[in-house]
$ cat input_27.cif   # mmCIF, C-alpha atoms
data_run
#
loop_
_atom_site.label_atom_id
_atom_site.label_comp_id
_atom_site.auth_asym_id
_atom_site.auth_seq_id
_atom_site.Cartn_x
_atom_site.Cartn_y
_atom_site.Cartn_z
CA MET A 1 0.00 0.00 0.00
CA PRO A 2 1.39 3.45 -0.92
CA LEU A 3 2.36 5.97 1.78
CA ALA A 4 -0.28 8.37 0.47
CA LEU A 5 -2.85 6.17 2.23
CA LEU A 6 -1.15 7.07 5.52
CA ALA A 7 -1.89 10.75 4.88
CA LEU A 8 -5.54 9.89 4.23
CA ALA A 9 -5.66 7.76 7.39
CA VAL A 10 -4.19 10.59 9.51
CA SER A 11 -6.85 12.92 8.13
CA ALA A 12 -9.55 10.34 8.90
CA PHE A 13 -8.16 10.04 12.44
CA GLY A 14 -8.66 13.75 13.04
CA ILE A 15 -12.15 13.72 11.55
CA GLY A 16 -13.16 10.68 13.59
CA THR A 17 -11.85 12.23 16.79
CA THR A 18 -13.79 15.47 16.45
CA GLU A 19 -16.95 13.65 15.32
CA PHE A 20 -17.26 11.38 18.35
CA VAL A 21 -15.45 13.24 21.15
CA MET A 22 -18.38 15.58 21.81
CA MET A 23 -20.36 12.67 23.25
CA GLY A 24 -17.83 12.46 26.10
CA LEU A 25 -17.50 16.22 26.59
CA LEU A 26 -21.17 17.20 26.81
CA PRO A 27 -21.21 17.57 30.64
CA ASN A 28 -18.04 19.70 30.56
CA VAL A 29 -19.36 21.95 27.80
CA ALA A 30 -22.75 22.30 29.49
CA ASP A 31 -21.18 23.33 32.82
CA ASP A 32 -18.77 25.78 31.22
CA LEU A 33 -21.33 27.50 28.99
CA GLY A 34 -24.19 27.43 31.50
CA THR A 35 -26.57 25.15 29.62
CA SER A 36 -28.10 21.72 30.18
CA VAL A 37 -26.68 18.44 28.91
CA PRO A 38 -29.71 17.78 26.62
CA THR A 39 -29.27 21.25 25.12
CA ALA A 40 -25.55 20.63 24.70
CA GLY A 41 -26.55 17.53 22.75
CA TYR A 42 -27.45 19.85 19.86
CA LEU A 43 -23.70 20.13 19.30
CA VAL A 44 -23.73 16.50 18.12
CA SER A 45 -26.65 17.25 15.82
CA ALA A 46 -24.94 20.38 14.48
CA TYR A 47 -21.96 18.35 13.31
CA ALA A 48 -24.22 15.75 11.68
CA ILE A 49 -26.19 18.47 9.89
CA GLY A 50 -22.91 19.90 8.63
CA VAL A 51 -21.99 16.52 7.18
CA VAL A 52 -25.37 16.05 5.49
CA LEU A 53 -25.32 19.53 3.95
CA GLY A 54 -21.64 19.71 3.11
CA ALA A 55 -21.23 16.34 1.39
CA PRO A 56 -23.21 17.09 -1.80
CA LEU A 57 -22.62 20.87 -1.71
CA LEU A 58 -18.83 20.88 -1.41
CA THR A 59 -18.43 17.86 -3.68
CA GLY A 60 -20.43 19.63 -6.37
CA LEU A 61 -18.53 22.91 -5.98
CA GLY A 62 -15.21 21.09 -6.15
CA SER A 63 -16.10 18.76 -9.02
CA ARG A 64 -13.53 20.42 -11.32
CA VAL A 65 -10.81 20.91 -8.68
CA PRO A 66 -7.84 18.49 -8.84
CA ARG A 67 -8.19 15.78 -6.18
CA LYS A 68 -5.11 16.67 -4.12
CA LYS A 69 -5.99 20.36 -4.00
CA MET A 70 -9.56 19.49 -3.03
CA LEU A 71 -8.36 17.30 -0.14
CA LEU A 72 -6.15 20.15 1.13
CA LEU A 73 -8.98 22.69 0.91
CA LEU A 74 -11.37 20.39 2.76
CA MET A 75 -8.87 19.66 5.51
CA ALA A 76 -8.19 23.41 5.84
CA LEU A 77 -11.93 24.01 6.36
CA PHE A 78 -11.97 21.20 8.93
CA THR A 79 -9.07 22.81 10.80
CA ILE A 80 -10.72 26.25 10.77
CA GLY A 81 -13.97 24.74 12.09
CA ASN A 82 -12.22 23.11 15.04
CA LEU A 83 -10.23 26.26 15.78
CA ALA A 84 -13.48 28.24 15.73
CA SER A 85 -14.98 25.70 18.16
CA ALA A 86 -12.04 26.08 20.54
CA LEU A 87 -12.35 29.89 20.52
CA ALA A 88 -16.18 30.07 20.61
CA PRO A 89 -17.25 32.73 23.15
CA ASP A 90 -20.71 31.24 23.76
CA PHE A 91 -22.95 28.28 22.94
CA GLY A 92 -24.31 29.74 19.71
CA TRP A 93 -20.84 30.27 18.28
CA LEU A 94 -19.85 26.76 19.34
CA VAL A 95 -22.84 25.35 17.43
CA ALA A 96 -21.65 27.32 14.39
CA GLY A 97 -18.11 25.99 14.82
CA ARG A 98 -19.34 22.42 15.01
CA LEU A 99 -21.48 22.92 11.89
CA LEU A 100 -18.46 24.35 10.06
CA ALA A 101 -16.23 21.46 11.16
CA GLY A 102 -18.80 18.96 9.88
CA LEU A 103 -19.19 20.49 6.41
CA PRO A 104 -16.02 18.94 4.87
CA HIS A 105 -16.50 15.50 6.48
CA GLY A 106 -18.51 13.75 3.76
CA ALA A 107 -16.79 15.48 0.86
CA PHE A 108 -13.35 14.57 2.24
CA PHE A 109 -14.20 10.88 2.54
CA GLY A 110 -15.88 10.99 -0.86
CA VAL A 111 -12.81 12.42 -2.58
CA GLY A 112 -10.46 10.42 -0.36
CA ALA A 113 -12.13 7.10 -1.20
CA VAL A 114 -11.76 7.76 -4.93
CA VAL A 115 -8.11 8.80 -4.48
CA ALA A 116 -7.36 5.75 -2.32
CA ALA A 117 -8.84 3.42 -4.93
CA ARG A 118 -6.77 5.04 -7.68
CA LEU A 119 -3.52 4.66 -5.79
CA VAL A 120 -3.52 0.86 -6.07
CA SER A 121 -3.81 -1.78 -8.75
CA GLU A 122 -6.99 -3.68 -9.54
CA GLY A 123 -8.29 -6.09 -6.95
CA ARG A 124 -6.99 -3.97 -4.06
CA GLN A 125 -9.30 -0.95 -4.20
CA ALA A 126 -11.52 -2.01 -1.29
CA ARG A 127 -8.46 -2.70 0.86
CA ALA A 128 -7.12 0.76 0.03
CA VAL A 129 -10.42 2.40 1.01
CA ALA A 130 -10.54 0.31 4.20
CA THR A 131 -6.99 1.45 5.04
CA MET A 132 -8.13 5.06 4.90
CA PHE A 133 -11.09 4.24 7.15
CA LEU A 134 -8.72 2.65 9.67
CA GLY A 135 -7.90 6.20 10.74
CA LEU A 136 -11.57 6.68 11.58
CA THR A 137 -11.75 3.49 13.61
CA VAL A 138 -8.41 4.02 15.39
CA ALA A 139 -9.76 7.43 16.44
CA ASN A 140 -12.32 5.57 18.55
CA ILE A 141 -9.60 3.51 20.24
CA VAL A 142 -7.06 6.26 20.89
CA GLY A 143 -8.29 9.66 19.77
CA VAL A 144 -11.70 9.86 21.44
CA PRO A 145 -10.65 8.46 24.88
CA ALA A 146 -7.48 10.59 24.94
CA ALA A 147 -9.31 13.71 23.79
CA THR A 148 -12.04 13.12 26.38
CA LEU A 149 -9.47 12.83 29.19
CA LEU A 150 -7.70 15.94 27.91
CA GLY A 151 -10.96 17.87 27.91
CA GLN A 152 -11.82 16.70 31.43
CA HIS A 153 -8.45 17.86 32.83
CA LEU A 154 -7.55 20.91 30.71
CA GLY A 155 -10.98 21.99 29.49
CA TRP A 156 -12.95 21.15 26.38
CA ARG A 157 -11.34 24.00 24.43
CA ALA A 158 -7.98 22.27 24.67
CA THR A 159 -9.49 19.23 22.93
CA PHE A 160 -10.49 21.22 19.87
CA LEU A 161 -7.13 23.00 19.77
CA VAL A 162 -5.41 19.61 19.62
CA VAL A 163 -7.78 18.41 16.89
CA ALA A 164 -6.99 21.59 14.91
CA ALA A 165 -3.29 20.74 15.27
CA ILE A 166 -4.02 17.25 13.93
CA GLY A 167 -5.71 18.93 10.97
CA LEU A 168 -2.55 20.94 10.25
CA ALA A 169 -0.42 17.77 10.47
CA ALA A 170 -2.81 16.01 8.09
CA MET A 171 -2.53 18.87 5.60
CA ALA A 172 1.26 18.59 5.68
CA ALA A 173 1.04 14.82 5.10
CA LEU A 174 -1.42 15.25 2.22
CA ALA A 175 0.77 17.88 0.58
CA ARG A 176 3.87 15.70 0.89
CA LEU A 177 2.57 12.20 0.14
CA VAL A 178 -0.50 12.37 -2.11
CA PRO A 179 0.36 12.54 -5.83
CA HIS A 180 -1.37 14.83 -8.30
CA ILE A 181 -4.54 13.18 -9.63
CA PRO A 182 -6.31 15.20 -12.32
CA VAL A 183 -10.08 15.53 -12.59
CA GLU A 184 -11.60 13.18 -15.16
CA ALA A 185 -12.39 14.77 -18.51
CA HIS A 186 -16.03 13.73 -18.19
CA GLN A 187 -16.41 15.21 -14.70
CA ASP A 188 -19.50 17.44 -14.63
CA VAL A 189 -21.87 18.38 -11.80
CA ARG A 190 -25.01 17.71 -13.84
CA ARG A 191 -23.62 14.38 -15.02
CA GLU A 192 -22.79 13.42 -11.42
CA LEU A 193 -26.29 14.34 -10.26
CA ARG A 194 -27.85 12.24 -13.02
CA ALA A 195 -25.59 9.28 -12.15
CA LEU A 196 -26.52 9.69 -8.48
CA GLY A 197 -30.13 8.99 -9.45
CA ASN A 198 -29.20 5.42 -10.40
CA ARG A 199 -31.60 3.03 -8.67
CA GLN A 200 -28.78 0.88 -7.32
CA VAL A 201 -27.04 3.94 -5.84
CA LEU A 202 -30.24 5.10 -4.14
CA LEU A 203 -30.85 1.62 -2.73
CA GLY A 204 -27.26 1.52 -1.49
CA LEU A 205 -27.71 4.86 0.29
CA LEU A 206 -31.00 3.65 1.77
CA THR A 207 -29.25 0.49 2.99
CA ALA A 208 -26.71 2.66 4.80
CA VAL A 209 -29.43 4.79 6.43
CA PHE A 210 -31.31 1.79 7.85
CA GLY A 211 -28.54 -0.74 8.39
CA PHE A 212 -26.05 1.59 10.04
CA ALA A 213 -28.77 3.17 12.18
CA GLY A 214 -28.84 -0.17 14.00
CA VAL A 215 -25.28 0.46 15.19
CA PHE A 216 -25.96 3.96 16.48
CA ALA A 217 -29.18 2.99 18.20
CA VAL A 218 -26.90 1.26 20.74
CA TYR A 219 -23.62 3.18 20.42
CA SER A 220 -25.30 6.49 21.27
CA TYR A 221 -26.31 5.10 24.68
CA LEU A 222 -23.37 2.79 25.31
CA SER A 223 -22.01 5.01 28.11
CA ALA A 224 -25.33 4.86 29.99
CA MET A 225 -25.63 1.10 29.39
CA THR A 226 -22.15 0.62 30.83
CA THR A 227 -23.14 2.00 34.22
CA LYS A 228 -26.88 1.26 34.35
CA ALA A 229 -27.08 -2.18 32.72
CA MET A 230 -23.61 -3.75 32.77
CA GLY A 231 -22.84 -2.75 36.36
CA PHE A 232 -19.54 -0.96 35.69
CA GLY A 233 -18.48 2.30 37.33
CA GLU A 234 -18.13 5.57 35.47
CA SER A 235 -14.37 5.10 35.30
CA SER A 236 -14.91 2.09 33.01
CA VAL A 237 -16.80 4.02 30.34
CA THR A 238 -13.57 4.98 28.54
CA LEU A 239 -12.51 1.32 28.48
CA VAL A 240 -15.84 0.19 27.03
CA LEU A 241 -15.71 2.87 24.33
CA ALA A 242 -12.15 1.83 23.50
CA LEU A 243 -13.26 -1.81 23.16
CA PHE A 244 -15.94 -0.71 20.74
CA GLY A 245 -13.23 1.11 18.79
CA ILE A 246 -11.10 -2.05 18.72
CA GLY A 247 -14.06 -3.92 17.28
CA MET A 248 -14.49 -1.20 14.65
CA THR A 249 -10.84 -1.57 13.63
CA LEU A 250 -11.06 -5.36 13.39
CA GLY A 251 -14.19 -5.04 11.27
CA ALA A 252 -12.55 -2.53 8.95
CA LEU A 253 -9.48 -4.75 8.55
CA ALA A 254 -11.62 -7.75 7.64
CA ALA A 255 -13.95 -5.81 5.36
CA GLY A 256 -11.27 -4.75 2.87
CA PRO A 257 -10.13 -8.13 1.50
CA LEU A 258 -13.62 -9.63 1.86
CA THR A 259 -15.15 -6.81 -0.17
CA ASP A 260 -12.46 -7.13 -2.85
CA ARG A 261 -13.38 -10.81 -3.19
CA ALA A 262 -17.17 -10.73 -2.83
CA LEU A 263 -18.87 -7.37 -2.32
CA ARG A 264 -22.53 -8.19 -1.92
CA PRO A 265 -22.04 -11.34 0.18
CA THR A 266 -19.83 -9.29 2.54
CA LEU A 267 -22.60 -6.71 2.85
CA TYR A 268 -25.30 -9.34 3.40
CA GLY A 269 -23.18 -11.22 5.95
CA SER A 270 -22.24 -8.13 7.96
CA LEU A 271 -25.83 -6.86 8.15
CA GLY A 272 -27.11 -10.31 9.12
CA ALA A 273 -24.42 -10.68 11.78
CA LEU A 274 -25.23 -7.19 13.07
CA ALA A 275 -28.88 -8.16 13.58
CA VAL A 276 -27.87 -11.33 15.46
CA VAL A 277 -25.44 -9.49 17.75
CA LEU A 278 -28.03 -6.81 18.53
CA VAL A 279 -30.66 -9.40 19.43
CA ALA A 280 -28.19 -11.25 21.68
CA PHE A 281 -26.80 -8.10 23.33
CA PRO A 282 -29.57 -7.52 25.95
CA PHE A 283 -29.28 -11.14 27.14
CA THR A 284 -25.55 -10.82 27.87
CA VAL A 285 -25.25 -7.40 29.55
CA HIS A 286 -25.56 -8.76 33.09
CA VAL A 287 -22.49 -10.98 32.64
CA GLN A 288 -19.65 -8.49 32.42
CA TRP A 289 -17.16 -10.50 30.36
CA ALA A 290 -19.92 -11.49 27.93
CA ALA A 291 -21.12 -7.89 27.71
CA LEU A 292 -17.61 -6.66 26.86
CA THR A 293 -17.29 -9.37 24.21
CA MET A 294 -20.55 -8.27 22.64
CA VAL A 295 -19.35 -4.65 22.60
CA VAL A 296 -16.31 -5.70 20.54
CA LEU A 297 -18.48 -7.81 18.23
CA LEU A 298 -20.95 -4.97 17.77
CA GLY A 299 -18.18 -2.63 16.67
CA ALA A 300 -16.73 -5.27 14.34
CA VAL A 301 -19.86 -6.38 12.50
CA GLY A 302 -21.28 -2.85 12.45
CA PHE A 303 -18.26 -1.34 10.73
CA MET A 304 -17.81 -4.27 8.38
CA THR A 305 -20.76 -2.76 6.51
CA THR A 306 -19.00 0.54 5.74
CA THR A 307 -16.47 -0.62 3.12
CA PRO A 308 -18.87 -2.69 0.94
CA LEU A 309 -21.46 0.11 1.07
CA GLN A 310 -18.81 2.66 0.13
CA MET A 311 -17.54 0.58 -2.79
CA LEU A 312 -21.06 -0.29 -3.92
CA VAL A 313 -22.25 3.28 -4.35
CA MET A 314 -18.94 4.37 -5.89
CA ASN A 315 -19.02 1.55 -8.42
CA LYS A 316 -22.67 1.78 -9.34
CA ALA A 317 -22.44 5.55 -9.83
CA LYS A 318 -19.60 5.01 -12.28
CA ASP A 319 -19.97 8.55 -13.67
CA ALA A 320 -20.20 10.09 -10.20
CA PRO A 321 -18.01 8.06 -7.81
CA THR A 322 -16.99 11.11 -5.76
CA LEU A 323 -20.48 12.53 -5.23
CA ALA A 324 -21.88 9.07 -4.52
CA SER A 325 -19.14 8.36 -2.00
CA ALA A 326 -19.70 11.71 -0.28
CA SER A 327 -23.46 11.18 -0.25
CA ASN A 328 -22.84 7.84 1.45
CA HIS A 329 -21.43 9.73 4.43
CA SER A 330 -24.53 11.89 4.50
CA ALA A 331 -26.47 8.61 4.69
CA PHE A 332 -24.27 7.37 7.54
CA ASN A 333 -24.89 10.57 9.50
CA LEU A 334 -28.63 10.32 8.89
CA ALA A 335 -28.28 6.81 10.31
CA ASN A 336 -26.43 8.28 13.29
CA ALA A 337 -29.18 10.79 14.02
CA GLY A 338 -32.05 8.40 13.27
CA GLY A 339 -30.64 5.49 15.26
CA ALA A 340 -29.94 7.69 18.28
CA TRP A 341 -33.46 9.16 18.13
CA LEU A 342 -35.21 5.79 17.85
CA GLY A 343 -33.06 4.32 20.61
CA GLY A 344 -33.96 7.28 22.82
CA VAL A 345 -37.66 6.79 22.07
CA ALA A 346 -37.40 3.18 23.28
CA ILE A 347 -35.70 4.24 26.52
CA ALA A 348 -38.18 7.08 27.12
CA ALA A 349 -41.04 4.61 26.64
CA GLY A 350 -39.78 2.69 29.66
CA TRP A 351 -38.59 -0.37 27.77
CA GLY A 352 -35.24 -0.42 29.56
CA TRP A 353 -31.68 0.70 28.88
CA THR A 354 -30.96 -2.23 26.57
CA SER A 355 -34.11 -1.78 24.48
CA PRO A 356 -32.23 0.21 21.80
CA ALA A 357 -30.54 -3.06 20.85
CA PHE A 358 -33.87 -4.55 19.75
CA VAL A 359 -34.66 -1.35 17.86
CA GLY A 360 -31.25 -1.63 16.20
CA ALA A 361 -31.88 -5.25 15.24
CA VAL A 362 -35.10 -4.25 13.43
CA LEU A 363 -33.21 -1.51 11.60
CA ALA A 364 -30.41 -3.91 10.61
CA VAL A 365 -32.95 -6.40 9.23
CA ALA A 366 -34.57 -3.58 7.27
CA GLY A 367 -31.17 -2.66 5.85
CA LEU A 368 -30.52 -6.28 4.92
CA ALA A 369 -33.90 -6.50 3.17
CA ILE A 370 -33.13 -3.38 1.13
CA ALA A 371 -29.66 -4.71 0.24
CA ALA A 372 -31.09 -8.08 -0.81
CA THR A 373 -33.76 -6.36 -2.91
CA ALA A 374 -31.06 -4.30 -4.63
CA GLY A 375 -29.05 -7.44 -5.37
CA PHE A 376 -32.10 -9.23 -6.77
CA LEU A 377 -32.96 -6.29 -9.03
CA ASP A 378 -29.34 -6.04 -10.16
CA ARG A 379 -29.38 -9.71 -11.22
CA GLY A 380 -32.69 -9.18 -12.98
CA GLU A 381 -31.07 -6.43 -15.02
CA GLY A 382 -28.27 -8.80 -16.00
CA LYS A 383 -25.67 -6.76 -14.13
CA GLY A 384 -25.21 -8.80 -10.99
CA SER A 385 -21.91 -10.34 -12.04
CA ARG A 386 -20.01 -7.10 -12.30
CA ILE A 387 -19.76 -3.72 -10.64
CA VAL A 388 -17.92 -1.16 -12.72
CA ALA A 389 -15.43 0.75 -10.62
CA ALA A 390 -15.27 3.88 -12.74
CA HIS A 391 -16.14 5.33 -16.10
CA GLN A 392 -14.53 3.28 -18.83
CA SER A 393 -13.59 4.89 -22.11
CA ARG A 394 -13.65 1.47 -23.71
CA PRO A 395 -15.09 -1.84 -22.47
CA ALA A 396 -12.72 -4.53 -21.30
CA PRO A 397 -12.92 -7.84 -23.18
CA SER A 398 -15.23 -10.16 -21.30
CA SER A 399 -12.98 -13.14 -21.81
CA ALA A 400 -9.82 -11.67 -20.40
CA ARG A 401 -8.71 -10.03 -17.24
CA PRO A 402 -7.91 -6.32 -17.68
CA ALA A 403 -4.22 -5.62 -17.47
CA ALA A 404 -3.00 -4.00 -14.28
CA HIS A 405 -0.95 -0.81 -14.51
CA PRO A 406 0.40 -0.20 -11.00
CA ALA A 407 2.23 2.94 -12.12
CA ARG A 408 -0.97 4.59 -13.36
CA PRO A 409 -4.16 5.52 -11.46
CA ALA A 410 -6.07 2.30 -11.04
CA PHE A 411 -9.28 3.60 -12.61
CA GLU A 412 -7.72 4.78 -15.87
CA ASP A 413 -7.52 1.34 -17.41
CA GLY A 414 -11.11 0.15 -17.01
CA THR A 415 -10.72 -1.53 -13.65
CA VAL A 416 -13.70 -3.56 -12.53
CA THR A 417 -14.65 -5.03 -9.20
CA ARG A 418 -17.02 -7.97 -8.99
CA ASP A 419 -19.63 -8.38 -6.34
CA GLU A 420 -20.58 -12.08 -6.26
CA PRO A 421 -18.92 -15.04 -4.49
CA GLU A 422 -17.10 -15.90 -7.70
CA ALA A 423 -15.75 -12.37 -7.81
CA ALA A 424 -12.05 -13.17 -7.37
CA TRP A 425 -10.30 -12.88 -10.71
CA PRO A 426 -9.36 -16.32 -12.05
CA SER A 427 -5.76 -16.98 -12.87
CA ALA A 428 -4.76 -17.33 -16.51
CA GLY A 429 -6.32 -20.38 -18.07
CA SER A 430 -8.50 -21.21 -15.08
CA GLY A 431 -12.25 -21.51 -15.15
CA PRO A 432 -14.75 -19.74 -12.92
CA SER A 433 -14.12 -20.17 -9.23
CA SER A 434 -17.56 -21.70 -8.82
#

$ encode --input "input_27.cif" --output "structure tokens"
Amino acid sequence: MPLALLALAVSAFGIGTTEFVMMGLLPNVADDLGTSVPTAGYLVSAYAIGVVLGAPLLTGLGSRVPRKKMLLLLMALFTIGNLASALAPDFGWLVAGRLLAGLPHGAFFGVGAVVAARLVSEGRQARAVATMFLGLTVANIVGVPAATLLGQHLGWRATFLVVAAIGLAAMAALARLVPHIPVEAHQDVRRELRALGNRQVLLGLLTAVFGFAGVFAVYSYLSAMTTKAMGFGESSVTLVLALFGIGMTLGALAAGPLTDRALRPTLYGSLGALAVVLVAFPFTVHVQWAALTMVVLLGAVGFMTTTPLQMLVMNKAKDAPTLASASNHSAFNLANAGGAWLGGVAIAAGWGWTSPAFVGAVLAVAGLAIAATAGFLDRGEGKGSRIVAAHQSRPAPSSARPAAHPARPAFEDGTVTRDEPEAAWPSAGSGPSS
């Protein structure tokens, strides 16, 4: 894997840290700014709204900007947003800072996923994208707990100053390590919007909204479950969150090679496993070692869905991979907000602190049903055997494997990624793997 992926992972680490750290700093922010914890919770929503709005808007505005320059501009906006948060004089300005910090989130991962896939040869694109997302998952192991402790001891403003410094370091890494990747000749905002209307892309985004909401129905209340259901003290919350982050990392590591080999089966399997883990979770919380094991499994199977969903929408929107990828992050943040809201409704109804897990299981099953429907329709259209990774100026011969050109961007030579169990490319002279 090229070193440029390290720069993308560092950037993802900073974004992941600022996205999730607010959940641990809400009491500190509320006390300092003289507001309630529920009101301070709007800071989480402000960031999510920024992601939803910024993903299509900034991606569209930057559709003709070279990829490296676009990444640098987005990371600069991220850094400014976190600096503004650190210097906010009151709650209203802090909401604005959080909104500003969230704007580049989806667009960065949209552009970054396309760049990551182009840095490697065919058959390794999903692993490259998963490597970038490792920064996001590692942020939940190291960044979020460390930033939370920093905020508790030195004040929440110090946390955002450190995240802004991470943004500057990421910009330096991007400038030094990421090669120049020109915008495709066919790149056009209207063309991207038309491609985004592809039925398979829309179903993929809908799968993300429902399926991933199952994860956040529980994750949003994991701190409360730790003390009120699992029987741990408040000092153990950081450990439980870190275990969830470890599970996320393991899931991301597994998702890359599995997605490269069989995209749709990886998506079906991860959503099915997520539903099973969520159903089992309430029955294990009273046994502490079992509860901690389930936390790791929840993080793993939940984040195994991200890479296949990312690759699916990128590949199906072959004329709009960047906008589709960015829109996928809008879908993930809608899942974040929707899952948290539905989980809160279950708790408020008096169903118990573990009831969000059952809500999450229903959402995961709904996501799986949408994904299976999309796969069935794709087969009915005669396209189920192949997902095109990018716009191809000429079709590759169906009887031969496209030649790899490691020295050139991976998408320039008509790279394709398959999505069925027989997706692994056969060696020369071999028959189908099935």

$ resolve_selection --input "input_27.cif" --expression "the PyMOL selection byres ((chain A and resi 104) around 12)" --output "short mmCIF file (atom, residue, chain, number, x, y, z; two decimals) with C-alpha atoms, keeping the file's coordinate frame"
data_model
loop_
_atom_site.label_atom_id
_atom_site.label_comp_id
_atom_site.auth_asym_id
_atom_site.auth_seq_id
_atom_site.Cartn_x
_atom_site.Cartn_y
_atom_site.Cartn_z
CA SER A 11 -6.85 12.92 8.13
CA ALA A 12 -9.55 10.34 8.90
CA ILE A 15 -12.15 13.72 11.55
CA GLU A 19 -16.95 13.65 15.32
CA TYR A 47 -21.96 18.35 13.31
CA ALA A 48 -24.22 15.75 11.68
CA ILE A 49 -26.19 18.47 9.89
CA GLY A 50 -22.91 19.90 8.63
CA VAL A 51 -21.99 16.52 7.18
CA VAL A 52 -25.37 16.05 5.49
CA LEU A 53 -25.32 19.53 3.95
CA GLY A 54 -21.64 19.71 3.11
CA ALA A 55 -21.23 16.34 1.39
CA PRO A 56 -23.21 17.09 -1.80
CA LEU A 57 -22.62 20.87 -1.71
CA LEU A 58 -18.83 20.88 -1.41
CA THR A 59 -18.43 17.86 -3.68
CA LEU A 61 -18.53 22.91 -5.98
CA GLY A 62 -15.21 21.09 -6.15
CA MET A 70 -9.56 19.49 -3.03
CA LEU A 71 -8.36 17.30 -0.14
CA LEU A 72 -6.15 20.15 1.13
CA LEU A 73 -8.98 22.69 0.91
CA LEU A 74 -11.37 20.39 2.76
CA MET A 75 -8.87 19.66 5.51
CA ALA A 76 -8.19 23.41 5.84
CA LEU A 77 -11.93 24.01 6.36
CA PHE A 78 -11.97 21.20 8.93
CA THR A 79 -9.07 22.81 10.80
CA ILE A 80 -10.72 26.25 10.77
CA GLY A 81 -13.97 24.74 12.09
CA ASN A 82 -12.22 23.11 15.04
CA ARG A 98 -19.34 22.42 15.01
CA LEU A 99 -21.48 22.92 11.89
CA LEU A 100 -18.46 24.35 10.06
CA ALA A 101 -16.23 21.46 11.16
CA GLY A 102 -18.80 18.96 9.88
CA LEU A 103 -19.19 20.49 6.41
CA HIS A 105 -16.50 15.50 6.48
CA GLY A 106 -18.51 13.75 3.76
CA ALA A 107 -16.79 15.48 0.86
CA PHE A 108 -13.35 14.57 2.24
CA PHE A 109 -14.20 10.88 2.54
CA GLY A 110 -15.88 10.99 -0.86
CA VAL A 111 -12.81 12.42 -2.58
CA GLY A 112 -10.46 10.42 -0.36
CA GLY A 167 -5.71 18.93 10.97
CA ALA A 326 -19.70 11.71 -0.28
CA SER A 327 -23.46 11.18 -0.25
CA HIS A 329 -21.43 9.73 4.43
CA SER A 330 -24.53 11.89 4.50
#

$ residues_around --input "input_27.cif" --residues "Pro66 in chain A" --least-positions-apart "4" --cutoff "8 Å" --atoms "all atoms listed in the file" --output "list of chain:residue names"
A:Met70, A:His180, A:Ile181, A:Pro182, A:Val183

$ residues_around --input "input_27.cif" --residues "Phe283 in chain A" --least-positions-apart "2" --cutoff "12 Å" --atoms "all atoms listed in the file" --output "short mmCIF file (atom, residue, chain, number, x, y, z; two decimals) with C-alpha atoms, in the coordinates of the input"
data_model
loop_
_atom_site.label_atom_id
_atom_site.label_comp_id
_atom_site.auth_asym_id
_atom_site.auth_seq_id
_atom_site.Cartn_x
_atom_site.Cartn_y
_atom_site.Cartn_z
CA ALA A 229 -27.08 -2.18 32.72
CA MET A 230 -23.61 -3.75 32.77
CA VAL A 276 -27.87 -11.33 15.46
CA VAL A 277 -25.44 -9.49 17.75
CA LEU A 278 -28.03 -6.81 18.53
CA VAL A 279 -30.66 -9.40 19.43
CA ALA A 280 -28.19 -11.25 21.68
CA PHE A 281 -26.80 -8.10 23.33
CA VAL A 285 -25.25 -7.40 29.55
CA HIS A 286 -25.56 -8.76 33.09
CA VAL A 287 -22.49 -10.98 32.64
CA GLN A 288 -19.65 -8.49 32.42
CA ALA A 290 -19.92 -11.49 27.93
CA ALA A 291 -21.12 -7.89 27.71
CA MET A 294 -20.55 -8.27 22.64
CA THR A 354 -30.96 -2.23 26.57
CA SER A 355 -34.11 -1.78 24.48
CA ALA A 357 -30.54 -3.06 20.85
CA PHE A 358 -33.87 -4.55 19.75
#

$ closest_residue --input "input_27.cif" --among "A:Arg67, A:Lys316, A:Arg124, A:Arg379" --to "Ala255 in chain A" --atoms "only C-alpha atoms"
A:Arg124

$ resolve_selection --input "input_27.cif" --expression "the PyMOL selection byres ((chain A and resi 343) around 8)" --output "list of chain:residue names"
A:Ala217, A:Val218, A:Tyr221, A:Gly339, A:Ala340, A:Trp341, A:Leu342, A:Gly344, A:Val345, A:Ala346, A:Ile347, A:Ser355, A:Pro356, A:Ala357, A:Val359, A:Gly360

$ closest_residue --input "input_27.cif" --among "A:Asn28, A:Thr307, A:Ser121, A:Thr238" --to "Phe133 in chain A" --atoms "only C-alpha atoms"
A:Thr307

$ atom_distance --input "input_27.cif" --atom1 "CA of Leu5 in chain A" --atom2 "CA of Gly135 in chain A"
9.9 Å

$ resolve_selection --input "input_27.cif" --expression "the PyMOL selection byres ((chain A and resi 170) around 9)" --output "tab-separated table (two decimals) with C-alpha atoms, in the frame of the given file"
chain	number	residue	atom	x	y	z
A	7	ALA	CA	-1.89	10.75	4.88
A	8	LEU	CA	-5.54	9.89	4.23
A	9	ALA	CA	-5.66	7.76	7.39
A	10	VAL	CA	-4.19	10.59	9.51
A	11	SER	CA	-6.85	12.92	8.13
A	12	ALA	CA	-9.55	10.34	8.90
A	14	GLY	CA	-8.66	13.75	13.04
A	72	LEU	CA	-6.15	20.15	1.13
A	75	MET	CA	-8.87	19.66	5.51
A	165	ALA	CA	-3.29	20.74	15.27
A	166	ILE	CA	-4.02	17.25	13.93
A	167	GLY	CA	-5.71	18.93	10.97
A	168	LEU	CA	-2.55	20.94	10.25
A	169	ALA	CA	-0.42	17.77	10.47
A	171	MET	CA	-2.53	18.87	5.60
A	172	ALA	CA	1.26	18.59	5.68
A	173	ALA	CA	1.04	14.82	5.10
A	174	LEU	CA	-1.42	15.25	2.22
A	175	ALA	CA	0.77	17.88	0.58
